[in-house]
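Just target_7.txt here, compact mmCIF, C-alpha atoms:
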```txt
# COMPACT_ATOMS: atom_id res chain seq x y z
CA MET A 779 56.72 92.50 -4.76
CA GLU A 780 58.40 90.50 -7.48
CA GLN A 781 57.17 91.95 -10.79
CA THR A 782 58.32 89.27 -13.19
CA ALA A 783 56.39 88.33 -16.30
CA ALA A 784 55.30 85.09 -14.62
CA PHE A 785 54.00 87.04 -11.62
CA TRP A 786 51.88 89.33 -13.78
CA ILE A 787 50.49 86.38 -15.74
CA ALA A 788 49.53 84.74 -12.45
CA ALA A 789 48.10 88.02 -11.11
CA GLY A 790 46.04 88.43 -14.28
CA MET A 791 44.66 84.91 -14.00
CA ALA A 792 43.88 85.36 -10.29
CA THR A 793 42.14 88.68 -10.97
CA PHE A 794 40.08 87.18 -13.79
CA PHE A 795 38.93 84.33 -11.52
CA VAL A 796 38.07 86.88 -8.82
CA GLY A 797 35.90 88.69 -11.34
CA MET A 798 34.23 85.50 -12.53
CA SER A 799 33.38 84.54 -8.96
CA LYS A 800 31.68 87.91 -8.50
CA GLY A 801 29.73 87.37 -11.70
CA GLY A 802 27.96 84.40 -10.14
CA LEU A 803 30.50 81.57 -10.25
CA PRO A 804 31.78 81.21 -6.67
CA MET A 805 33.30 77.85 -7.59
CA VAL A 806 36.30 79.64 -9.18
CA ALA A 807 36.93 82.01 -6.24
CA MET A 808 39.16 79.39 -4.56
CA LEU A 809 41.73 79.72 -7.35
CA GLY A 810 42.79 83.35 -6.86
CA VAL A 811 44.90 83.34 -3.69
CA PRO A 812 46.57 79.93 -4.33
CA ILE A 813 47.73 81.08 -7.78
CA LEU A 814 49.36 84.23 -6.39
CA SER A 815 50.73 82.35 -3.39
CA VAL A 816 53.27 80.75 -5.72
CA PHE A 817 55.00 84.15 -5.83
CA ILE A 818 54.06 85.96 -2.59
CA PRO A 819 52.87 84.92 0.91
CA PRO A 820 49.14 84.00 1.10
CA ALA A 821 48.34 86.92 3.42
CA ALA A 822 49.93 89.35 0.96
CA ALA A 823 48.08 87.69 -1.92
CA ALA A 824 44.78 88.06 -0.09
CA GLY A 825 45.47 91.74 0.60
CA LEU A 826 46.56 92.33 -2.99
CA LEU A 827 43.39 90.82 -4.39
CA LEU A 828 40.92 92.46 -1.98
CA PRO A 829 40.73 95.72 -3.99
CA MET A 830 40.02 93.65 -7.12
CA TYR A 831 37.25 91.85 -5.24
CA ILE A 832 35.76 95.20 -4.29
CA LEU A 833 36.02 96.59 -7.82
CA ALA A 834 34.38 93.48 -9.28
CA ASP A 835 31.77 93.66 -6.49
CA ILE A 836 30.65 97.11 -7.63
CA TYR A 837 30.08 95.94 -11.19
CA ALA A 838 28.56 92.61 -10.13
CA VAL A 839 26.07 94.27 -7.77
CA TRP A 840 24.88 96.31 -10.74
CA LEU A 841 24.66 93.17 -12.89
CA PHE A 842 22.50 91.40 -10.30
CA ARG A 843 20.25 94.39 -9.57
CA GLY A 844 16.79 93.03 -8.73
CA GLN A 845 18.05 89.41 -8.62
CA TYR A 846 18.51 88.68 -4.92
CA SER A 847 16.69 87.59 -1.79
CA ALA A 848 16.02 90.74 0.25
CA ARG A 849 15.14 88.72 3.35
CA ASN A 850 18.45 86.87 3.26
CA LEU A 851 20.38 90.11 2.84
CA LYS A 852 18.60 91.71 5.80
CA ILE A 853 19.68 88.75 7.93
CA LEU A 854 23.13 87.95 6.57
CA ILE A 855 24.72 91.38 6.22
CA PRO A 856 24.26 92.51 9.85
CA ALA A 857 25.21 89.02 11.03
CA SER A 858 28.40 89.05 8.96
CA ALA A 859 29.31 92.43 10.48
CA ILE A 860 29.17 90.78 13.90
CA GLY A 861 31.47 88.02 12.66
CA ILE A 862 33.96 90.47 11.15
CA LEU A 863 34.09 92.50 14.36
CA ALA A 864 34.65 89.33 16.39
CA ALA A 865 37.41 88.23 14.02
CA PHE A 866 39.09 91.65 14.21
CA LEU A 867 39.12 91.47 18.01
CA LEU A 868 40.17 87.81 18.21
CA VAL A 869 42.40 87.38 15.14
CA SER A 870 45.58 87.20 17.24
CA ARG A 871 44.07 84.47 19.44
CA VAL A 872 42.41 82.26 16.84
CA PRO A 873 44.78 80.06 14.81
CA VAL A 874 44.06 80.36 11.10
CA GLU A 875 44.21 76.58 10.79
CA ALA A 876 41.50 76.18 13.43
CA SER A 877 39.11 78.41 11.50
CA LYS A 878 39.92 76.55 8.27
CA LEU A 879 39.18 73.24 9.98
CA VAL A 880 35.81 74.50 11.24
CA VAL A 881 34.86 75.80 7.78
CA ALA A 882 35.89 72.55 6.09
CA LEU A 883 33.90 70.42 8.54
CA ILE A 884 30.85 72.67 8.12
CA GLY A 885 30.98 72.37 4.35
CA LEU A 886 31.48 68.61 4.36
CA GLY A 887 28.75 68.23 6.97
CA TYR A 888 26.33 70.12 4.74
CA LEU A 889 27.24 67.99 1.70
CA LEU A 890 26.77 64.74 3.62
CA ASP A 891 23.41 65.94 4.93
CA ALA A 892 22.35 66.98 1.41
CA LEU A 893 23.35 63.53 0.11
CA ARG A 894 21.38 61.85 2.89
CA LYS A 895 18.28 63.88 2.04
CA ARG A 896 18.60 63.14 -1.66
CA LEU A 897 18.93 59.40 -1.04
CA SER A 898 15.89 59.47 1.26
CA GLY A 899 13.84 61.50 -1.22
CA ASP A 900 13.60 64.54 1.08
CA PHE A 901 13.52 67.54 -1.30
CA ARG A 902 11.90 70.06 1.05
CA SER A 903 13.35 73.56 1.17
CA ARG A 904 14.18 75.41 4.39
CA PRO A 905 13.05 79.00 5.04
CA ALA A 906 15.37 81.94 5.54
CA ASP A 907 14.97 82.00 9.32
CA VAL A 908 16.67 84.53 11.58
CA PRO A 909 18.39 82.23 14.16
CA ARG A 910 20.15 80.11 11.54
CA GLY A 911 20.88 83.18 9.39
CA VAL A 912 22.53 85.04 12.25
CA PHE A 913 24.67 82.01 13.12
CA TRP A 914 25.77 81.21 9.56
CA GLY A 915 26.11 84.86 8.56
CA ALA A 916 28.34 85.64 11.55
CA LEU A 917 30.43 82.57 10.82
CA ALA A 918 30.75 83.61 7.16
CA GLY A 919 31.99 87.04 8.19
CA PHE A 920 34.37 85.58 10.76
CA THR A 921 35.95 83.00 8.47
CA SER A 922 36.05 85.38 5.50
CA TYR A 923 38.03 87.87 7.57
CA ILE A 924 40.49 85.31 8.98
CA SER A 925 41.02 82.95 6.06
CA HIS A 926 38.91 84.22 3.11
CA ALA A 927 36.71 81.15 3.41
CA GLY A 928 33.24 82.57 3.98
CA GLY A 929 31.67 80.55 1.18
CA PRO A 930 30.91 77.26 2.99
CA PRO A 931 28.95 78.86 5.88
CA PHE A 932 27.01 81.01 3.40
CA GLN A 933 26.22 78.01 1.24
CA ALA A 934 25.30 75.83 4.22
CA TYR A 935 22.60 78.40 5.03
CA THR A 936 21.35 79.37 1.57
CA LEU A 937 21.57 76.17 -0.50
CA PRO A 938 18.89 74.33 1.57
CA GLN A 939 16.50 77.17 0.71
CA LYS A 940 16.56 76.03 -2.94
CA LEU A 941 16.59 79.59 -4.26
CA PRO A 942 16.42 80.15 -8.03
CA LYS A 943 19.87 80.15 -9.63
CA MET A 944 20.15 83.88 -10.32
CA THR A 945 18.64 84.79 -6.94
CA PHE A 946 21.21 82.60 -5.19
CA ALA A 947 24.07 84.12 -7.21
CA GLY A 948 22.85 87.69 -6.66
CA THR A 949 22.41 87.14 -2.93
CA ALA A 950 25.93 85.72 -2.67
CA THR A 951 27.38 88.60 -4.70
CA ILE A 952 25.75 91.34 -2.61
CA THR A 953 26.46 89.62 0.71
CA PHE A 954 30.16 89.21 0.00
CA ALA A 955 30.40 92.68 -1.53
CA CYS A 956 29.32 94.05 1.85
CA ILE A 957 31.68 91.69 3.68
CA ASN A 958 34.63 92.81 1.52
CA TRP A 959 33.90 96.50 2.13
CA MET A 960 33.71 95.84 5.87
CA LYS A 961 37.04 93.97 5.75
CA LEU A 962 38.86 96.82 4.00
CA PRO A 963 39.55 99.13 7.00
CA PRO A 964 41.14 96.41 9.19
CA TYR A 965 43.13 95.15 6.18
CA ILE A 966 44.50 98.67 5.76
CA LEU A 967 45.35 98.82 9.46
CA ALA A 968 47.22 95.52 9.11
CA GLU A 969 49.02 96.91 6.02
CA GLN A 970 47.76 94.10 3.82
CA VAL A 971 46.36 96.82 1.58
CA THR A 972 48.64 99.82 0.96
CA TRP A 973 48.88 102.66 -1.56
CA GLU A 974 51.83 100.87 -3.12
CA SER A 975 49.90 97.62 -3.57
CA LEU A 976 46.94 99.56 -4.97
CA LYS A 977 49.16 101.24 -7.57
CA GLN A 978 50.74 97.94 -8.53
CA ILE A 979 47.48 96.02 -8.95
CA SER A 980 45.39 98.85 -10.48
CA VAL A 981 46.62 97.94 -13.96
CA LEU A 982 44.58 94.73 -13.67
CA ALA A 983 41.29 96.51 -12.93
CA PRO A 984 39.89 95.90 -16.46
CA VAL A 985 40.63 92.18 -16.06
CA ALA A 986 38.46 92.03 -12.92
CA LEU A 987 35.57 93.73 -14.73
CA ILE A 988 35.87 91.46 -17.76
CA GLY A 989 35.90 88.45 -15.43
CA ALA A 990 32.73 89.65 -13.67
CA TRP A 991 30.98 90.11 -17.01
CA ALA A 992 32.11 86.65 -18.20
CA GLY A 993 31.02 85.01 -14.95
CA TYR A 994 27.56 86.61 -15.18
CA ARG A 995 27.09 85.44 -18.77
CA VAL A 996 28.19 81.88 -17.93
CA THR A 997 25.88 81.85 -14.88
CA LYS A 998 22.90 82.83 -17.04
CA TRP A 999 23.81 80.20 -19.62
CA LEU A 1000 24.34 77.24 -17.27
CA PRO A 1001 21.27 75.04 -16.69
CA GLU A 1002 20.05 75.47 -13.11
CA ARG A 1003 20.62 71.85 -12.09
CA LEU A 1004 24.17 71.87 -13.49
CA PHE A 1005 24.87 75.21 -11.82
CA PHE A 1006 24.04 73.90 -8.34
CA THR A 1007 25.85 70.63 -9.02
CA LEU A 1008 28.99 72.64 -9.80
CA ILE A 1009 28.45 74.71 -6.66
CA ASN A 1010 28.34 71.54 -4.55
CA ILE A 1011 31.40 70.07 -6.26
CA ALA A 1012 33.32 73.30 -5.75
CA LEU A 1013 32.27 73.38 -2.10
CA GLY A 1014 33.59 69.84 -1.63
CA LEU A 1015 36.89 70.66 -3.34
CA LEU A 1016 37.31 73.80 -1.25
CA CYS A 1017 36.71 71.85 1.95
CA LEU A 1018 39.27 69.23 0.94
CA LYS A 1019 41.75 72.00 0.08
CA LEU A 1020 41.25 73.58 3.51
CA LEU A 1021 41.74 70.21 5.22
CA SER A 1022 44.94 69.73 3.23
CA GLU A 1023 46.23 73.15 4.35
CA VAL A 1024 45.42 72.32 7.98
CA ALA A 1025 47.21 68.98 7.73
CA GLN A 1026 50.30 70.57 6.18
CA ALA A 1027 50.41 73.24 8.90
CA TRP A 1028 49.90 70.87 11.81
CA TRP A 1029 51.85 67.89 10.51
CA PRO A 1030 54.52 69.25 8.12
CA GLY A 1031 56.29 66.55 6.21
CA ALA A 1032 53.69 63.93 7.13
```

Output the file's structure as structure tokens, nothing else.
Amino acid sequence: MEQTAAFWIAAGMATFFVGMSKGGLPMVAMLGVPILSVFIPPAAAAGLLLPMYILADIYAVWLFRGQYSARNLKILIPASAIGILAAFLLVSRVPVEASKLVVALIGLGYLLDALRKRLSGDFRSRPADVPRGVFWGALAGFTSYISHAGGPPFQAYTLPQKLPKMTFAGTATITFACINWMKLPPYILAEQVTWESLKQISVLAPVALIGAWAGYRVTKWLPERLFFTLINIALGLLCLKLLSEVAQAWWPGA
């Protein structure tokens, strides 16, 4: 790993954004891996940051204690375990770009449907039902394992429920904390997480915790309507970023 000053500045920024995302601002989570990918391969960046995700998860779960939807967690966590297991078994057969394309289309499909409902005046919320939860939860686990893009499936399931802001953020935090812990053993087997990488990144542990605290404070401060507007904007930007990565992989130089 190249330990230049520029690398450590980038690693510090990426770790801070990881922490902020765990504090309730998932819209900044998309920044971590791309920042580090300037210096190291994306797969290595993802493995390097996973321990920081887990560390921030522990603190964030404590921050959001009592602020979550228990029904959603009971549905999504087991479902995501199914998706992670499927991804572990199929990772060598499923092109990363294909999973990114599916995630991007899901996210954009949700945003278009939400826009259609808003224009038609349909503001009804959807319940946390088991069939949809199992499907979206498994897809979130699958895509999070393969390409660290579990956010769009999660949001496609939970945003239509119109949960209160802090309940939504807490549910997302706890769900992805469980997903990250379940991803750790196969990441170790794939040597994306090693003792050497843990020693190198451990110096940034306080940055992850500060980021989680800052994200939680900003989440509490943001007006609810603005918070969900930012969530939708971030979802759209993430989907466009994924489509761009797919296009570059499939049509390089186009």

- Message: Residues within 6 Å of stretch 1016-1023 of chain A, please, as a VMD selection string. Count all atoms listed in the file; anything in the same chain fewer than 3 positions from it doesn't count.
- Response: chain A and resid 878 882 1013 1026

Proximity of stretch 893-962 of chain A to stretch 822-843 of chain A: per-residue shortest pair, 10 Å limit, all atoms listed in the file, as a Markdown table:
```
| residue | atom | partner | partner_atom | distance |
| --- | --- | --- | --- | --- |
| A:Ser925 | CA | A:Ala824 | CA | 8.8 |
| A:His926 | CA | A:Ala824 | CA | 7.7 |
| A:Met944 | CA | A:Phe842 | CA | 7.9 |
| A:Thr945 | CA | A:Phe842 | CA | 8.4 |
| A:Ala947 | CA | A:Phe842 | CA | 8.1 |
| A:Gly948 | CA | A:Phe842 | CA | 5.2 |
| A:Thr949 | CA | A:Phe842 | CA | 8.5 |
| A:Ala950 | CA | A:Val839 | CA | 10.0 |
| A:Thr951 | CA | A:Val839 | CA | 6.6 |
| A:Ile952 | CA | A:Val839 | CA | 5.9 |
| A:Thr953 | CA | A:Val839 | CA | 9.7 |
| A:Phe954 | CA | A:Asp835 | CA | 8.0 |
| A:Ala955 | CA | A:Asp835 | CA | 5.2 |
| A:Cys956 | CA | A:Asp835 | CA | 8.7 |
| A:Ile957 | CA | A:Ile832 | CA | 9.6 |
| A:Asn958 | CA | A:Ile832 | CA | 6.4 |
| A:Trp959 | CA | A:Ile832 | CA | 6.8 |
| A:Lys961 | CA | A:Leu828 | CA | 8.8 |
| A:Leu962 | CA | A:Leu828 | CA | 7.7 |
```

- Would you kindly return, as a list in words, each protein, DNA or RNA residue with an atom no farther than 9 Å from any atom of stretch 859-874 of chain A, considering all atoms listed in the file and excluding same-chain residues fewer than 3 positions away?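 Contacts, in chain order: Leu854, Ile855, Pro856, Ser877, Lys878, Leu879, Val912, Gly915, Ala916, Leu917, Ala918, Gly919, Phe920, Thr921, Ser922, Tyr923, Ile924, Ser925, Cys956, Ile957, Met960, Lys961, Pro964 and Val1024 of chain A.
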
- Task: Quote the spacing between atom CA of A:Val806 and atom CA of A:Trp991 in Å to one decimal place.
- Result: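 A separation of 14.1 Å between them.
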
- Can you tell me how far atom CA of A:Ala1012 sits from atom CA of A:Ala986, in Å to one decimal? 20.7 Å
